[in-house]
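Undergrad: Pasting in a structure now, in structure tokens, and then I'll have a few things to ask.
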Amino acid sequence: VNTTGFRREGVQVEEFLLSRGSADALQRPERRLSFTQDRATYSDFQPGQMEVTNNPLDVAIQGDGFFVVQTPNGERYPRAGAFQLDNQGRMVTVSGEPVLSDSGPITITEDGAVAIGRDGAVATEQGTRGRLRGATFASPQFLIKEGYGRFRAPDGVAPAVPADGTVRFVQGMREGSHVKTVLEHSRLLDLTSAN
């Protein structure tokens, strides 16, 4: 609930109903039995609530899209934009992965104000340091969740890097989790109280 950019997961199930027995010798009627088989899990990509932090390195994505970060296993795609600077001056995620621009990691070595435009341009008083790389997917439901709010694209699926400005960035904000606690509790009660 409190994890920045968290994506709720769901399970798709199929129900099999076993009809009641019809033997006259039974002293009490048989109950109708219901069995389920899980078919797949999926991530819900509905946007979360925007939270104002006024931290210049916090960035939220407005609409669809993902940030692109570099991990030891290749590029990954989070929505969580709680960034910081590491000891080399690179803009990184809270777990230390460098945030990528079109030309590699974004590095800020000087002190002073950092401005991030809606198009992702990262600038200081010394000039532009790079442009946040945004990525979109035609079918995000096929992305594979890896933890730390990151997703990876399956083999053969490449992200689109839109040049038309469809991925918009907002500085000084974070996207919160979209999990609604009350709704999840009521779902749990429905499931556990069903006969």
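Simple scheme: letters A, B, ... for chains in structure tokens order, numbers from 1 for residues in each chain, numbers from 1 for ligands in the order shown.
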Which neighbours of A:Phe67 fall inside 10 Å, counting only C-alpha atoms, when residues of the same chain fewer than 4 positions from it are skipped, and could you give them as a PyMOL selection string?
TA: chain A and resi 59-61+75-81+99-101+132-136+150+167+169
Undergrad: Using only C-alpha atoms, which residue out of A:Asn54, A:Thr109, A:Ser103, A:Gln70 lies closest to A:Gln171?
TA: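 So, comparing all the options, the nearest one is A:Asn54.
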Undergrad: From the options A:Leu188, A:Ala158, A:Leu57, A:Ile108, which residue's atoms come nearest to A:Phe83, counting only C-alpha atoms?
TA: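 Nearest candidate to A:Phe83 out of A:Leu188, A:Ala158, A:Leu57, A:Ile108: A:Leu57.
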Undergrad: For A:Gly127, please output as a list in words all residues within 12 Å (counting only C-alpha atoms; exclusion window: fewer than 3 positions along the same chain).
TA: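 Returned residues: Thr107, Ile108, Thr109, Glu110, Gly112, Ala113, Val114, Ala115, Ile116, Ala121, Val122, Ala123, Thr124, Gly130 and Arg131 of chain A.
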Undergrad: Go ahead and write the residues just picked, N, CA, C and O atoms, as a CSV table (one decimal), in the first residue's frame.
TA:
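Contents of the output file selection.csv:
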chain,number,residue,atom,x,y,z
A,107,THR,N,24.1,11.8,-15.4
A,107,THR,CA,25.1,12.1,-14.3
A,107,THR,C,25.0,13.6,-14.0
A,107,THR,O,25.0,14.4,-14.9
A,108,ILE,N,24.9,13.9,-12.7
A,108,ILE,CA,24.9,15.3,-12.2
A,108,ILE,C,26.1,15.5,-11.2
A,108,ILE,O,26.0,14.9,-10.1
A,109,THR,N,27.1,16.1,-11.6
A,109,THR,CA,28.3,16.2,-10.8
A,109,THR,C,28.4,17.5,-10.0
A,109,THR,O,29.2,17.6,-9.1
A,110,GLU,N,27.7,18.5,-10.4
A,110,GLU,CA,27.8,19.8,-9.7
A,110,GLU,C,26.6,20.0,-8.8
A,110,GLU,O,25.6,19.4,-8.9
A,112,GLY,N,23.7,22.4,-6.9
A,112,GLY,CA,22.8,23.4,-7.4
A,112,GLY,C,21.4,22.8,-7.8
A,112,GLY,O,21.2,21.6,-7.6
A,113,ALA,N,20.6,23.6,-8.3
A,113,ALA,CA,19.2,23.2,-8.6
A,113,ALA,C,19.2,22.2,-9.8
A,113,ALA,O,19.9,22.4,-10.7
A,114,VAL,N,18.3,21.3,-9.7
A,114,VAL,CA,18.0,20.3,-10.8
A,114,VAL,C,16.6,20.6,-11.3
A,114,VAL,O,15.7,20.6,-10.5
A,115,ALA,N,16.4,20.8,-12.6
A,115,ALA,CA,15.1,20.9,-13.2
A,115,ALA,C,14.9,19.8,-14.2
A,115,ALA,O,15.7,19.4,-15.0
A,116,ILE,N,13.7,19.2,-14.1
A,116,ILE,CA,13.3,18.1,-15.0
A,116,ILE,C,12.0,18.6,-15.7
A,116,ILE,O,11.0,18.8,-15.0
A,121,ALA,N,13.7,16.3,-19.9
A,121,ALA,CA,15.0,16.9,-20.0
A,121,ALA,C,15.4,17.2,-18.6
A,121,ALA,O,14.7,17.9,-17.8
A,122,VAL,N,16.6,16.8,-18.2
A,122,VAL,CA,17.2,17.0,-16.9
A,122,VAL,C,18.3,18.0,-17.1
A,122,VAL,O,19.3,17.9,-17.8
A,123,ALA,N,18.1,19.2,-16.4
A,123,ALA,CA,19.1,20.3,-16.6
A,123,ALA,C,19.5,20.8,-15.2
A,123,ALA,O,18.8,20.8,-14.2
A,124,THR,N,20.7,21.4,-15.2
A,124,THR,CA,21.3,22.1,-14.1
A,124,THR,C,21.7,23.5,-14.6
A,124,THR,O,21.5,23.8,-15.8
A,130,GLY,N,20.8,15.3,-19.8
A,130,GLY,CA,20.2,14.2,-20.5
A,130,GLY,C,18.7,14.3,-20.5
A,130,GLY,O,18.2,15.3,-19.9
A,131,ARG,N,18.1,13.4,-21.1
A,131,ARG,CA,16.6,13.3,-21.2
A,131,ARG,C,16.1,12.0,-20.7
A,131,ARG,O,16.6,10.9,-21.2
Undergrad: Please indicate the distance in Å from atom CA of A:Arg90 to atom CA of A:Ser177, rounded to one decimal place.
TA: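 Going from atom CA of A:Arg90 over to atom CA of A:Ser177, I get 25.6 Å.
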Undergrad: Looking only at the backbone, which of the residues in stretch 89-156 of chain A does DSSP tag as strand (DSSP E or B), as JSON, numbers by chain?
TA: {"A": [90, 91, 92, 98, 99, 100, 101, 104, 105, 107, 115, 116, 121, 122, 123, 124, 127, 128, 129, 130, 131, 132, 134, 135, 136, 144, 145, 146, 147, 150, 151, 152]}
Undergrad: Let's have the selection written as a tab-separated table (two decimals), in the first residue's frame, with N, CA, C and O atoms.
TA:
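Just written: result.tsv:
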chain	number	residue	atom	x	y	z
A	90	ARG	N	25.52	9.72	-10.43
A	90	ARG	CA	24.52	9.18	-11.35
A	90	ARG	C	23.14	9.22	-10.70
A	90	ARG	O	23.00	8.95	-9.51
A	91	MET	N	22.12	9.52	-11.48
A	91	MET	CA	20.75	9.43	-11.00
A	91	MET	C	20.38	7.96	-10.97
A	91	MET	O	20.48	7.26	-11.98
A	92	VAL	N	19.97	7.47	-9.77
A	92	VAL	CA	19.70	6.05	-9.59
A	92	VAL	C	18.37	5.85	-8.86
A	92	VAL	O	17.85	6.76	-8.23
A	98	PRO	N	21.07	2.66	-12.30
A	98	PRO	CA	21.14	3.94	-13.01
A	98	PRO	C	19.91	4.17	-13.89
A	98	PRO	O	19.44	3.27	-14.57
A	99	VAL	N	19.40	5.39	-13.84
A	99	VAL	CA	18.28	5.80	-14.68
A	99	VAL	C	18.86	6.20	-16.03
A	99	VAL	O	19.83	6.96	-16.10
A	100	LEU	N	18.25	5.70	-17.11
A	100	LEU	CA	18.83	5.89	-18.44
A	100	LEU	C	18.20	7.05	-19.20
A	100	LEU	O	17.00	7.32	-19.08
A	101	SER	N	19.06	7.70	-19.97
A	101	SER	CA	18.62	8.68	-20.96
A	101	SER	C	18.84	8.04	-22.33
A	101	SER	O	19.20	6.87	-22.42
A	104	GLY	N	22.64	6.98	-22.31
A	104	GLY	CA	23.23	6.31	-21.17
A	104	GLY	C	22.76	6.88	-19.85
A	104	GLY	O	21.78	7.64	-19.80
A	105	PRO	N	23.44	6.55	-18.74
A	105	PRO	CA	23.04	7.05	-17.43
A	105	PRO	C	23.12	8.58	-17.35
A	105	PRO	O	23.95	9.20	-17.99
A	107	THR	N	24.10	11.79	-15.36
A	107	THR	CA	25.07	12.12	-14.32
A	107	THR	C	25.01	13.62	-14.01
A	107	THR	O	25.01	14.44	-14.92
A	115	ALA	N	16.45	20.75	-12.63
A	115	ALA	CA	15.12	20.93	-13.22
A	115	ALA	C	14.85	19.79	-14.19
A	115	ALA	O	15.71	19.43	-15.00
A	116	ILE	N	13.66	19.20	-14.06
A	116	ILE	CA	13.26	18.11	-14.96
A	116	ILE	C	11.98	18.55	-15.66
A	116	ILE	O	10.96	18.80	-15.01
A	121	ALA	N	13.67	16.26	-19.95
A	121	ALA	CA	14.98	16.90	-20.00
A	121	ALA	C	15.44	17.23	-18.58
A	121	ALA	O	14.73	17.87	-17.82
A	122	VAL	N	16.64	16.75	-18.23
A	122	VAL	CA	17.22	16.99	-16.91
A	122	VAL	C	18.31	18.05	-17.08
A	122	VAL	O	19.26	17.87	-17.84
A	123	ALA	N	18.14	19.18	-16.39
A	123	ALA	CA	19.07	20.30	-16.56
A	123	ALA	C	19.52	20.85	-15.22
A	123	ALA	O	18.80	20.76	-14.22
A	124	THR	N	20.73	21.38	-15.22
A	124	THR	CA	21.27	22.10	-14.07
A	124	THR	C	21.69	23.49	-14.58
A	124	THR	O	21.49	23.81	-15.76
A	127	GLY	N	23.73	23.33	-17.73
A	127	GLY	CA	23.13	22.89	-18.99
A	127	GLY	C	22.41	21.56	-18.85
A	127	GLY	O	22.25	21.02	-17.76
A	128	THR	N	21.96	21.03	-19.98
A	128	THR	CA	21.20	19.78	-20.00
A	128	THR	C	22.12	18.59	-19.74
A	128	THR	O	23.20	18.49	-20.31
A	129	ARG	N	21.67	17.71	-18.87
A	129	ARG	CA	22.46	16.52	-18.49
A	129	ARG	C	21.93	15.25	-19.15
A	129	ARG	O	22.51	14.19	-18.99
A	130	GLY	N	20.82	15.35	-19.83
A	130	GLY	CA	20.23	14.18	-20.49
A	130	GLY	C	18.72	14.31	-20.48
A	130	GLY	O	18.16	15.26	-19.92
A	131	ARG	N	18.07	13.36	-21.11
A	131	ARG	CA	16.60	13.34	-21.16
A	131	ARG	C	16.14	11.96	-20.69
A	131	ARG	O	16.58	10.94	-21.25
A	132	LEU	N	15.30	11.94	-19.66
A	132	LEU	CA	14.78	10.66	-19.17
A	132	LEU	C	14.19	9.87	-20.32
A	132	LEU	O	13.46	10.42	-21.15
A	134	GLY	N	11.66	7.41	-21.67
A	134	GLY	CA	10.38	6.78	-21.37
A	134	GLY	C	10.13	5.65	-22.35
A	134	GLY	O	10.56	5.71	-23.50
A	135	ALA	N	9.45	4.61	-21.89
A	135	ALA	CA	9.13	3.48	-22.75
A	135	ALA	C	7.67	3.10	-22.58
A	135	ALA	O	7.11	3.22	-21.49
A	136	THR	N	7.06	2.69	-23.66
A	136	THR	CA	5.69	2.18	-23.61
A	136	THR	C	5.66	0.80	-24.25
A	136	THR	O	6.56	0.43	-25.01
A	144	ILE	N	6.99	-9.04	-17.28
A	144	ILE	CA	7.24	-9.98	-16.19
A	144	ILE	C	7.73	-9.20	-14.98
A	144	ILE	O	8.73	-8.48	-15.05
A	145	LYS	N	7.02	-9.35	-13.86
A	145	LYS	CA	7.36	-8.63	-12.63
A	145	LYS	C	8.60	-9.27	-12.00
A	145	LYS	O	8.68	-10.49	-11.89
A	146	GLU	N	9.55	-8.41	-11.59
A	146	GLU	CA	10.80	-8.93	-11.02
A	146	GLU	C	11.02	-8.52	-9.57
A	146	GLU	O	11.93	-9.02	-8.94
A	147	GLY	N	10.27	-7.63	-9.03
A	147	GLY	CA	10.53	-7.12	-7.70
A	147	GLY	C	11.11	-5.73	-7.77
A	147	GLY	O	11.54	-5.26	-8.83
A	150	ARG	N	10.10	-3.29	-10.55
A	150	ARG	CA	10.63	-3.38	-11.91
A	150	ARG	C	9.93	-4.48	-12.70
A	150	ARG	O	9.54	-5.50	-12.15
A	151	PHE	N	9.86	-4.24	-14.02
A	151	PHE	CA	9.35	-5.25	-14.94
A	151	PHE	C	10.39	-5.47	-16.02
A	151	PHE	O	11.18	-4.59	-16.32
A	152	ARG	N	10.37	-6.66	-16.60
A	152	ARG	CA	11.22	-6.91	-17.75
A	152	ARG	C	10.35	-7.37	-18.91
A	152	ARG	O	9.28	-7.96	-18.71
